[in-house]
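**Q** Hey, dropping final39.csv in here, CSV, N, CA and C atoms:
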chain,number,residue,atom,x,y,z
A,1,MET,N,-29.6,-41.1,-10.3
A,1,MET,CA,-29.2,-40.5,-11.6
A,1,MET,C,-29.3,-39.0,-11.5
A,2,LYS,N,-30.3,-38.5,-10.8
A,2,LYS,CA,-30.5,-37.1,-10.6
A,2,LYS,C,-29.4,-36.5,-9.8
A,3,LYS,N,-28.9,-37.2,-8.8
A,3,LYS,CA,-27.8,-36.7,-8.0
A,3,LYS,C,-26.5,-36.6,-8.8
A,4,LEU,N,-26.3,-37.6,-9.7
A,4,LEU,CA,-25.1,-37.6,-10.5
A,4,LEU,C,-25.2,-36.4,-11.5
A,5,SER,N,-26.3,-36.1,-12.0
A,5,SER,CA,-26.5,-34.9,-12.9
A,5,SER,C,-26.2,-33.6,-12.1
A,6,LEU,N,-26.6,-33.5,-10.9
A,6,LEU,CA,-26.4,-32.3,-10.1
A,6,LEU,C,-24.9,-32.2,-9.8
A,7,ILE,N,-24.2,-33.3,-9.4
A,7,ILE,CA,-22.8,-33.3,-9.2
A,7,ILE,C,-22.0,-32.9,-10.4
A,8,ALA,N,-22.4,-33.4,-11.5
A,8,ALA,CA,-21.7,-33.1,-12.8
A,8,ALA,C,-21.9,-31.6,-13.1
A,9,ALA,N,-23.1,-31.1,-12.9
A,9,ALA,CA,-23.4,-29.7,-13.2
A,9,ALA,C,-22.5,-28.8,-12.2
A,10,ALA,N,-22.4,-29.2,-11.0
A,10,ALA,CA,-21.7,-28.4,-10.0
A,10,ALA,C,-20.2,-28.4,-10.4
A,11,VAL,N,-19.7,-29.5,-10.8
A,11,VAL,CA,-18.3,-29.6,-11.2
A,11,VAL,C,-18.0,-28.8,-12.5
A,12,LEU,N,-18.9,-28.8,-13.4
A,12,LEU,CA,-18.8,-28.0,-14.6
A,12,LEU,C,-18.8,-26.5,-14.3
A,13,LEU,N,-19.7,-26.1,-13.4
A,13,LEU,CA,-19.8,-24.7,-13.1
A,13,LEU,C,-18.5,-24.2,-12.4
A,14,THR,N,-18.0,-25.1,-11.5
A,14,THR,CA,-16.8,-24.7,-10.8
A,14,THR,C,-15.6,-24.6,-11.8
A,15,ALA,N,-15.5,-25.5,-12.7
A,15,ALA,CA,-14.5,-25.5,-13.7
A,15,ALA,C,-14.5,-24.3,-14.6
A,16,CYS,N,-15.7,-23.7,-14.8
A,16,CYS,CA,-15.9,-22.6,-15.7
A,16,CYS,C,-15.6,-21.3,-15.1
A,17,GLN,N,-15.5,-21.2,-13.7
A,17,GLN,CA,-15.2,-20.0,-13.1
A,17,GLN,C,-13.8,-19.6,-13.3
A,18,HIS,N,-13.6,-18.3,-13.5
A,18,HIS,CA,-12.2,-17.8,-13.7
A,18,HIS,C,-11.5,-17.7,-12.3
A,19,PRO,N,-10.3,-18.1,-12.3
A,19,PRO,CA,-9.6,-18.0,-11.0
A,19,PRO,C,-9.3,-16.5,-10.7
A,20,THR,N,-9.3,-16.2,-9.4
A,20,THR,CA,-9.1,-14.8,-9.0
A,20,THR,C,-7.6,-14.5,-9.3
A,21,PRO,N,-7.3,-13.5,-10.0
A,21,PRO,CA,-5.9,-13.1,-10.3
A,21,PRO,C,-5.2,-12.8,-9.0
A,22,ALA,N,-3.9,-13.1,-8.9
A,22,ALA,CA,-3.1,-12.8,-7.7
A,22,ALA,C,-3.0,-11.3,-7.6
A,23,PRO,N,-3.1,-10.7,-6.4
A,23,PRO,CA,-2.9,-9.3,-6.3
A,23,PRO,C,-1.5,-8.9,-6.7
A,24,LYS,N,-1.3,-7.8,-7.3
A,24,LYS,CA,0.0,-7.4,-7.7
A,24,LYS,C,0.4,-6.0,-7.1
A,25,ALA,N,1.6,-5.9,-6.7
A,25,ALA,CA,2.1,-4.7,-6.3
A,25,ALA,C,3.3,-4.4,-7.1
A,26,SER,N,3.8,-3.2,-7.1
A,26,SER,CA,5.0,-2.8,-8.0
A,26,SER,C,5.9,-1.9,-7.3
A,27,LEU,N,7.1,-2.0,-7.7
A,27,LEU,CA,8.2,-1.0,-7.3
A,27,LEU,C,8.6,-0.2,-8.6
A,28,ASN,N,8.5,1.1,-8.4
A,28,ASN,CA,8.9,1.9,-9.5
A,28,ASN,C,10.3,2.6,-9.1
A,29,GLY,N,11.1,2.7,-10.1
A,29,GLY,CA,12.4,3.3,-9.7
A,29,GLY,C,13.2,3.8,-10.9
A,30,GLU,N,14.4,4.3,-10.6
A,30,GLU,CA,15.3,4.8,-11.6
A,30,GLU,C,16.7,4.3,-11.3
A,31,VAL,N,17.4,3.9,-12.4
A,31,VAL,CA,18.8,3.5,-12.3
A,31,VAL,C,19.6,4.6,-12.8
A,32,PHE,N,20.7,4.9,-12.1
A,32,PHE,CA,21.5,6.0,-12.5
A,32,PHE,C,23.0,5.7,-12.2
A,33,TYR,N,23.9,6.5,-12.8
A,33,TYR,CA,25.3,6.4,-12.5
A,33,TYR,C,25.9,7.8,-12.5
A,34,LEU,N,27.0,7.9,-11.9
A,34,LEU,CA,27.6,9.2,-11.6
A,34,LEU,C,28.5,9.7,-12.8
A,35,GLN,N,29.0,8.8,-13.6
A,35,GLN,CA,29.9,9.2,-14.7
A,35,GLN,C,29.1,10.1,-15.7
A,36,ARG,N,29.8,11.1,-16.3
A,36,ARG,CA,29.1,12.0,-17.2
A,36,ARG,C,29.3,11.5,-18.6
A,37,ILE,N,28.7,10.3,-19.0
A,37,ILE,CA,28.9,9.7,-20.3
A,37,ILE,C,27.5,9.3,-20.8
A,38,ALA,N,27.3,9.4,-22.1
A,38,ALA,CA,26.0,8.9,-22.7
A,38,ALA,C,26.2,7.4,-23.0
A,39,LEU,N,25.0,6.8,-22.9
A,39,LEU,CA,25.0,5.3,-23.3
A,39,LEU,C,24.8,5.2,-24.8
A,40,PRO,N,25.4,4.2,-25.4
A,40,PRO,CA,25.2,4.0,-26.9
A,40,PRO,C,23.8,3.4,-27.1
A,41,PRO,N,23.3,3.5,-28.3
A,41,PRO,CA,22.0,3.0,-28.6
A,41,PRO,C,21.8,1.5,-28.5
A,42,THR,N,22.9,0.8,-28.4
A,42,THR,CA,22.8,-0.7,-28.2
A,42,THR,C,22.8,-1.1,-26.7
A,43,ALA,N,22.8,-0.1,-25.8
A,43,ALA,CA,22.8,-0.5,-24.4
A,43,ALA,C,21.6,-1.2,-24.0
A,44,ILE,N,21.7,-2.2,-23.1
A,44,ILE,CA,20.6,-3.0,-22.5
A,44,ILE,C,20.6,-2.8,-21.0
A,45,LEU,N,19.4,-2.5,-20.5
A,45,LEU,CA,19.3,-2.4,-19.0
A,45,LEU,C,18.6,-3.6,-18.5
A,46,SER,N,19.1,-4.2,-17.4
A,46,SER,CA,18.4,-5.3,-16.7
A,46,SER,C,18.3,-4.9,-15.3
A,47,VAL,N,17.1,-5.0,-14.8
A,47,VAL,CA,16.8,-4.7,-13.4
A,47,VAL,C,16.0,-5.9,-12.8
A,48,SER,N,16.4,-6.4,-11.6
A,48,SER,CA,15.6,-7.5,-11.1
A,48,SER,C,15.4,-7.3,-9.6
A,49,LEU,N,14.3,-7.9,-9.2
A,49,LEU,CA,13.9,-8.0,-7.8
A,49,LEU,C,14.2,-9.4,-7.3
A,50,GLN,N,15.0,-9.5,-6.3
A,50,GLN,CA,15.5,-10.9,-5.9
A,50,GLN,C,15.3,-11.1,-4.4
A,51,ASP,N,15.0,-12.4,-4.1
A,51,ASP,CA,15.0,-12.8,-2.7
A,51,ASP,C,16.4,-13.3,-2.4
A,52,ILE,N,17.1,-12.6,-1.5
A,52,ILE,CA,18.5,-12.9,-1.2
A,52,ILE,C,18.7,-13.5,0.2
A,53,SER,N,17.7,-14.2,0.6
A,53,SER,CA,17.7,-14.7,2.0
A,53,SER,C,18.7,-15.9,2.3
A,54,LEU,N,18.9,-16.7,1.3
A,54,LEU,CA,19.7,-17.9,1.5
A,54,LEU,C,21.2,-17.5,1.1
A,55,ALA,N,22.1,-17.6,2.1
A,55,ALA,CA,23.4,-17.2,1.9
A,55,ALA,C,24.2,-18.1,1.0
A,56,ASP,N,23.9,-19.4,1.0
A,56,ASP,CA,24.7,-20.4,0.3
A,56,ASP,C,24.0,-20.8,-1.0
A,57,ALA,N,23.0,-20.0,-1.5
A,57,ALA,CA,22.3,-20.4,-2.7
A,57,ALA,C,22.1,-19.2,-3.6
A,58,PRO,N,21.9,-19.4,-4.9
A,58,PRO,CA,21.7,-18.3,-5.8
A,58,PRO,C,20.4,-17.5,-5.4
A,59,ALA,N,20.4,-16.2,-5.6
A,59,ALA,CA,19.2,-15.4,-5.3
A,59,ALA,C,18.1,-15.9,-6.2
A,60,LYS,N,16.9,-15.9,-5.6
A,60,LYS,CA,15.7,-16.2,-6.4
A,60,LYS,C,15.1,-15.0,-7.0
A,61,VAL,N,15.0,-14.9,-8.4
A,61,VAL,CA,14.5,-13.8,-9.1
A,61,VAL,C,13.0,-13.8,-9.0
A,62,ILE,N,12.4,-12.7,-8.5
A,62,ILE,CA,10.9,-12.6,-8.4
A,62,ILE,C,10.4,-11.9,-9.6
A,63,ASP,N,11.0,-10.9,-10.1
A,63,ASP,CA,10.6,-10.2,-11.3
A,63,ASP,C,11.9,-9.6,-12.0
A,64,GLU,N,11.9,-9.5,-13.3
A,64,GLU,CA,13.0,-8.9,-14.0
A,64,GLU,C,12.4,-8.0,-15.2
A,65,GLN,N,13.1,-6.9,-15.4
A,65,GLN,CA,12.8,-6.1,-16.5
A,65,GLN,C,14.1,-6.0,-17.3
A,66,ARG,N,14.0,-6.3,-18.6
A,66,ARG,CA,15.2,-6.3,-19.4
A,66,ARG,C,14.8,-5.7,-20.8
A,67,GLY,N,15.6,-4.8,-21.3
A,67,GLY,CA,15.3,-4.2,-22.6
A,67,GLY,C,16.3,-3.1,-22.9
A,68,PRO,N,16.1,-2.6,-24.2
A,68,PRO,CA,17.0,-1.6,-24.6
A,68,PRO,C,16.8,-0.3,-23.9
A,69,VAL,N,17.9,0.4,-23.7
A,69,VAL,CA,17.9,1.8,-23.1
A,69,VAL,C,17.3,2.7,-24.1
A,70,ILE,N,16.2,3.4,-23.8
A,70,ILE,CA,15.6,4.3,-24.8
A,70,ILE,C,15.8,5.8,-24.4
A,71,SER,N,16.5,6.1,-23.3
A,71,SER,CA,16.8,7.4,-23.0
A,71,SER,C,18.1,7.4,-22.2
A,72,GLN,N,18.5,8.6,-21.7
A,72,GLN,CA,19.7,8.6,-20.9
A,72,GLN,C,19.3,8.6,-19.4
A,73,VAL,N,20.3,8.5,-18.5
A,73,VAL,CA,20.0,8.4,-17.1
A,73,VAL,C,19.2,9.7,-16.6
A,74,PRO,N,18.4,9.5,-15.6
A,74,PRO,CA,18.0,8.2,-14.9
A,74,PRO,C,17.1,7.4,-15.8
A,75,LEU,N,17.3,6.0,-15.7
A,75,LEU,CA,16.6,5.0,-16.5
A,75,LEU,C,15.5,4.4,-15.7
A,76,PRO,N,14.2,4.6,-16.1
A,76,PRO,CA,13.1,4.2,-15.3
A,76,PRO,C,12.9,2.7,-15.4
A,77,PHE,N,12.4,2.1,-14.3
A,77,PHE,CA,12.0,0.7,-14.3
A,77,PHE,C,10.8,0.5,-13.5
A,78,LYS,N,10.1,-0.7,-13.7
A,78,LYS,CA,9.0,-1.1,-12.9
A,78,LYS,C,9.0,-2.6,-12.7
A,79,LEU,N,9.0,-3.0,-11.5
A,79,LEU,CA,9.0,-4.5,-11.2
A,79,LEU,C,7.7,-4.8,-10.4
A,80,SER,N,7.2,-6.0,-10.7
A,80,SER,CA,5.9,-6.4,-10.0
A,80,SER,C,6.2,-7.6,-9.1
A,81,TYR,N,5.3,-7.7,-8.1
A,81,TYR,CA,5.4,-8.9,-7.2
A,81,TYR,C,4.1,-9.1,-6.6
A,82,ASP,N,3.9,-10.3,-6.1
A,82,ASP,CA,2.6,-10.7,-5.4
A,82,ASP,C,2.9,-10.5,-3.9
A,83,PRO,N,2.2,-9.5,-3.3
A,83,PRO,CA,2.5,-9.2,-1.8
A,83,PRO,C,2.1,-10.4,-0.9
A,84,LEU,N,1.2,-11.3,-1.4
A,84,LEU,CA,0.9,-12.5,-0.6
A,84,LEU,C,2.0,-13.5,-0.5
A,85,GLN,N,3.0,-13.4,-1.5
A,85,GLN,CA,4.1,-14.3,-1.5
A,85,GLN,C,5.3,-13.8,-0.8
A,86,VAL,N,5.3,-12.5,-0.2
A,86,VAL,CA,6.4,-11.9,0.5
A,86,VAL,C,6.5,-12.6,1.9
A,87,GLU,N,7.7,-13.1,2.2
A,87,GLU,CA,7.9,-13.8,3.5
A,87,GLU,C,8.5,-12.7,4.4
A,88,PRO,N,7.9,-12.5,5.6
A,88,PRO,CA,8.3,-11.5,6.5
A,88,PRO,C,9.8,-11.6,7.0
A,89,ASN,N,10.3,-12.8,7.0
A,89,ASN,CA,11.7,-13.0,7.5
A,89,ASN,C,12.7,-13.2,6.4
A,90,HIS,N,12.3,-12.9,5.2
A,90,HIS,CA,13.2,-12.9,4.0
A,90,HIS,C,13.8,-11.6,3.7
A,91,ARG,N,14.9,-11.6,3.0
A,91,ARG,CA,15.5,-10.3,2.6
A,91,ARG,C,15.4,-10.2,1.1
A,92,TYR,N,15.0,-9.0,0.6
A,92,TYR,CA,14.8,-8.7,-0.8
A,92,TYR,C,15.7,-7.5,-1.3
A,93,SER,N,16.1,-7.6,-2.5
A,93,SER,CA,17.0,-6.6,-3.0
A,93,SER,C,16.8,-6.3,-4.5
A,94,ILE,N,17.1,-5.1,-4.9
A,94,ILE,CA,17.1,-4.7,-6.4
A,94,ILE,C,18.5,-4.7,-6.9
A,95,ASN,N,18.7,-5.4,-8.0
A,95,ASN,CA,20.0,-5.4,-8.7
A,95,ASN,C,19.8,-4.9,-10.1
A,96,ALA,N,20.8,-4.2,-10.6
A,96,ALA,CA,20.7,-3.6,-12.0
A,96,ALA,C,22.1,-3.8,-12.7
A,97,ARG,N,22.0,-3.8,-14.0
A,97,ARG,CA,23.2,-3.9,-14.8
A,97,ARG,C,22.9,-3.3,-16.2
A,98,ILE,N,23.9,-2.7,-16.8
A,98,ILE,CA,23.8,-2.1,-18.1
A,98,ILE,C,24.9,-2.8,-18.9
A,99,GLU,N,24.5,-3.4,-20.1
A,99,GLU,CA,25.5,-4.0,-21.0
A,99,GLU,C,25.4,-3.4,-22.3
A,100,VAL,N,26.5,-3.5,-23.0
A,100,VAL,CA,26.6,-3.0,-24.4
A,100,VAL,C,27.3,-4.1,-25.2
A,101,ASP,N,26.6,-4.6,-26.2
A,101,ASP,CA,27.1,-5.7,-27.1
A,101,ASP,C,27.6,-6.9,-26.2
A,102,GLY,N,26.9,-7.2,-25.2
A,102,GLY,CA,27.3,-8.4,-24.3
A,102,GLY,C,28.4,-8.1,-23.3
A,103,LYS,N,28.9,-6.8,-23.3
A,103,LYS,CA,29.9,-6.4,-22.4
A,103,LYS,C,29.3,-5.6,-21.2
A,104,LEU,N,29.7,-6.0,-20.0
A,104,LEU,CA,29.1,-5.3,-18.8
A,104,LEU,C,29.8,-4.0,-18.7
A,105,LEU,N,29.0,-2.9,-18.6
A,105,LEU,CA,29.5,-1.5,-18.4
A,105,LEU,C,29.3,-1.1,-17.0
A,106,PHE,N,28.1,-1.3,-16.5
A,106,PHE,CA,27.7,-0.8,-15.1
A,106,PHE,C,26.9,-1.9,-14.4
A,107,ILE,N,27.1,-2.0,-13.1
A,107,ILE,CA,26.4,-3.0,-12.2
A,107,ILE,C,26.3,-2.4,-10.8
A,108,THR,N,25.2,-2.9,-10.1
A,108,THR,CA,25.1,-2.5,-8.7
A,108,THR,C,26.2,-3.1,-7.9
A,109,THR,N,26.8,-2.3,-7.0
A,109,THR,CA,27.9,-2.8,-6.2
A,109,THR,C,27.5,-2.7,-4.7
A,110,GLU,N,26.4,-2.2,-4.4
A,110,GLU,CA,25.8,-2.1,-3.1
A,110,GLU,C,24.5,-2.8,-3.0
A,111,ASN,N,24.1,-3.2,-1.8
A,111,ASN,CA,22.8,-3.8,-1.6
A,111,ASN,C,21.8,-2.8,-1.6
A,112,HIS,N,20.8,-2.9,-2.5
A,112,HIS,CA,19.6,-2.0,-2.6
A,112,HIS,C,18.4,-2.7,-2.0
A,113,ALA,N,18.4,-2.8,-0.7
A,113,ALA,CA,17.4,-3.6,0.0
A,113,ALA,C,16.0,-2.9,-0.1
A,114,VAL,N,15.0,-3.8,-0.2
A,114,VAL,CA,13.6,-3.3,-0.2
A,114,VAL,C,12.8,-4.2,0.8
A,115,ARG,N,11.8,-3.7,1.3
A,115,ARG,CA,11.0,-4.4,2.3
A,115,ARG,C,9.8,-5.1,1.8
A,116,LEU,N,9.2,-4.5,0.7
A,116,LEU,CA,8.0,-5.1,0.0
A,116,LEU,C,6.8,-5.1,1.0
A,117,ASP,N,6.8,-4.2,1.9
A,117,ASP,CA,5.6,-4.1,2.8
A,117,ASP,C,4.8,-2.8,2.6
A,118,GLY,N,5.1,-2.1,1.5
A,118,GLY,CA,4.4,-0.9,1.2
A,118,GLY,C,5.1,0.4,1.7
A,119,SER,N,6.2,0.2,2.4
A,119,SER,CA,7.0,1.3,3.0
A,119,SER,C,8.2,1.8,2.1
A,120,ASP,N,8.4,1.1,1.1
A,120,ASP,CA,9.6,1.4,0.2
A,120,ASP,C,9.3,2.7,-0.5
A,121,PRO,N,10.3,3.7,-0.5
A,121,PRO,CA,10.1,4.9,-1.2
A,121,PRO,C,10.0,4.7,-2.7
A,122,GLN,N,9.2,5.5,-3.3
A,122,GLN,CA,9.1,5.4,-4.8
A,122,GLN,C,9.1,6.7,-5.4
A,123,PRO,N,9.9,7.0,-6.4
A,123,PRO,CA,10.7,6.0,-7.1
A,123,PRO,C,11.9,5.6,-6.3
A,124,LEU,N,12.3,4.4,-6.4
A,124,LEU,CA,13.6,3.9,-5.8
A,124,LEU,C,14.7,4.4,-6.6
A,125,LYS,N,15.8,4.7,-6.0
A,125,LYS,CA,17.0,5.2,-6.7
A,125,LYS,C,18.1,4.1,-6.6
A,126,VAL,N,18.4,3.6,-7.7
A,126,VAL,CA,19.4,2.5,-7.7
A,126,VAL,C,20.6,2.9,-8.5
A,127,ARG,N,21.8,3.0,-7.8
A,127,ARG,CA,23.0,3.5,-8.4
A,127,ARG,C,23.8,2.2,-8.9
A,128,VAL,N,24.3,2.4,-10.1
A,128,VAL,CA,25.2,1.4,-10.7
A,128,VAL,C,26.6,2.0,-10.9
A,129,ASP,N,27.6,1.2,-10.7
A,129,ASP,CA,29.0,1.7,-10.8
A,129,ASP,C,29.6,1.0,-12.0
A,130,ALA,N,30.7,1.7,-12.6
A,130,ALA,CA,31.4,1.1,-13.7
A,130,ALA,C,32.0,-0.2,-13.4
A,131,ALA,N,31.8,-1.2,-14.3
A,131,ALA,CA,32.4,-2.5,-14.1
A,131,ALA,C,33.9,-2.4,-14.3
A,132,ARG,N,34.6,-3.2,-13.6
A,132,ARG,CA,36.1,-3.1,-13.7
A,132,ARG,C,36.7,-4.2,-14.5
As structure tokens, please, write out the structure in this file.
**A**
Amino acid sequence: MKKLSLIAAAVLLTACQHPTPAPKASLNGEVFYLQRIALPPTAILSVSLQDISLADAPAKVIDEQRGPVISQVPLPFKLSYDPLQVEPNHRYSINARIEVDGKLLFITTENHAVRLDGSDPQPLKVRVDAAR
């Protein structure tokens, strides 16, 4: 009976411990476009960090920031990821888009590759081009 009580106490103590939070790293950057136009107050910016390793499958979104544009370009963003989940043989990319009232105005048209190994320049500069 004494052993059972000790085992129960050990299990209870283990269950009460808080799990160690996963380490977080972040990418800070700015989205910009070359056109000399102001965005309307209803503009929405979406920026995502994606694993684009699989050619025949949709990209896996690791983190995404989406919200109203509160200033004019450059538009700041911050994306987080767990460095322990980064696969050394995978490819990662930043994608961005700006929409107004559900209509796409600007989108990334080039690959904005990131390494996620601590060597990425910050702030990242992500250019978006007018949607056609």
**Q** If you run DSSP on this backbone, which residues of segment 86-122 of chain A come out as strand (DSSP E or B), and could you give them as a ChimeraX atom specification?
**A** /A:92-100,103-107,112-114
**Q** Would you please extract all helix (DSSP H, G or I) residues from segment 13-77 of chain A, as assigned by DSSP on the backbone, and give them as a list of chain:residue names?
**A**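 Here are the helix (DSSP H, G or I) residues of segment 13-77 of chain A: A:Leu13, A:Thr14, A:Ala15, A:Cys16.
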**Q** For each of A:Leu104, A:Leu75, A:Ala113, A:Leu54, take the minimum atom-to-atom distance to Tyr33 of chain A, counting only N, CA and C atoms, then give the residue where this is smallest.
**A**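 Residue with the minimum atom-to-atom distance to Tyr33 of chain A: A:Leu75.
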**Q** Around the point (20.5, -3.4, -16.2) in the file's coordinates, collect all residues with an atom within 8 Å, using only N, CA and C atoms, and return them as a list in words.
**A**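 Protein, DNA and RNA residues close to (20.5, -3.4, -16.2): Ile44, Leu45, Ser46, Val47, Ser48, Gln65, Arg66, Gly67, Asn95, Ala96, Arg97, Ile98, Glu99, Phe106, Ile107 and Thr108 of chain A.
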**Q** When you count only C-alpha atoms, which of these residues is closest to Gly118 of chain A: A:Val100, A:Val86, A:Ile37, A:Ala130?
**A** A:Val86
**Q** Which is closer to Gln85 of chain A than all the others in A:Leu124, A:Arg132, A:Val69, A:Lys24, using only C-alpha atoms?
**A**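 Ranked by minimum distance to Gln85 of chain A, first place goes to A:Lys24.
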**Q** What is the atom CA of Asp51 of chain A to atom CA of Pro123 of chain A distance in Å?
**A**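 Result for atom CA of Asp51 of chain A versus atom CA of Pro123 of chain A: 19.8 Å, one decimal.
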**Q** So that I can see what lies close to Ser26 of chain A, please list as a PyMOL selection string the residues with an atom at most 6 Å from it, counting all atoms listed in the file and leaving out residues fewer than 6 positions away in the same chain.
**A** chain A and resi 79-81
**Q** I'd like to know which of A:Ile62, A:Ala38, A:Leu105, A:Ile94 is closest to Asp129 of chain A, using only N, CA and C atoms.
**A**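 Nearest candidate to Asp129 of chain A out of A:Ile62, A:Ala38, A:Leu105, A:Ile94: A:Leu105.
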**Q** So that I can check the surroundings of Val73 of chain A, please list as a list in words every protein, DNA and RNA residue that reaches within 7 Å of it, counting only N, CA and C atoms and ignoring chain neighbours fewer than 6 positions away.
**A**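 The residues that qualify are Val31, Phe32, Tyr33 and Leu39 of chain A.
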**Q** So how many Å separate atom CA of Pro41 of chain A and atom CA of Ala131 of chain A, to one decimal?
**A**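 Rounded to one decimal, the two atoms are 18.7 Å apart.
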**Q** Quick one: residues within 6.5 Å of (11.7, 1.4, -12.2) (file frame), counting all atoms listed in the file, please, as a list in words.
**A** Leu27, Asn28, Gly29, Glu30, Val31, Leu75, Pro76, Phe77, Lys78 and Leu79 of chain A
**Q** For a test of reading the model, state the distance in Å between atom N of Ser93 of chain A and atom N of Ala55 of chain A, rounded to one decimal.
**A** 12.5 Å
**Q** Nearest to Ile70 of chain A: which of A:Ala43, A:Leu34, A:Ala25, A:Val114 is it, counting all atoms listed in the file?
**A**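 The closest residue to Ile70 of chain A is A:Ala43.
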**Q** Using only C-alpha atoms, which of the listed residues (A:Val61, A:Val128, A:Ile52, A:Leu116) sits closest to Pro83 of chain A?
**A** A:Leu116
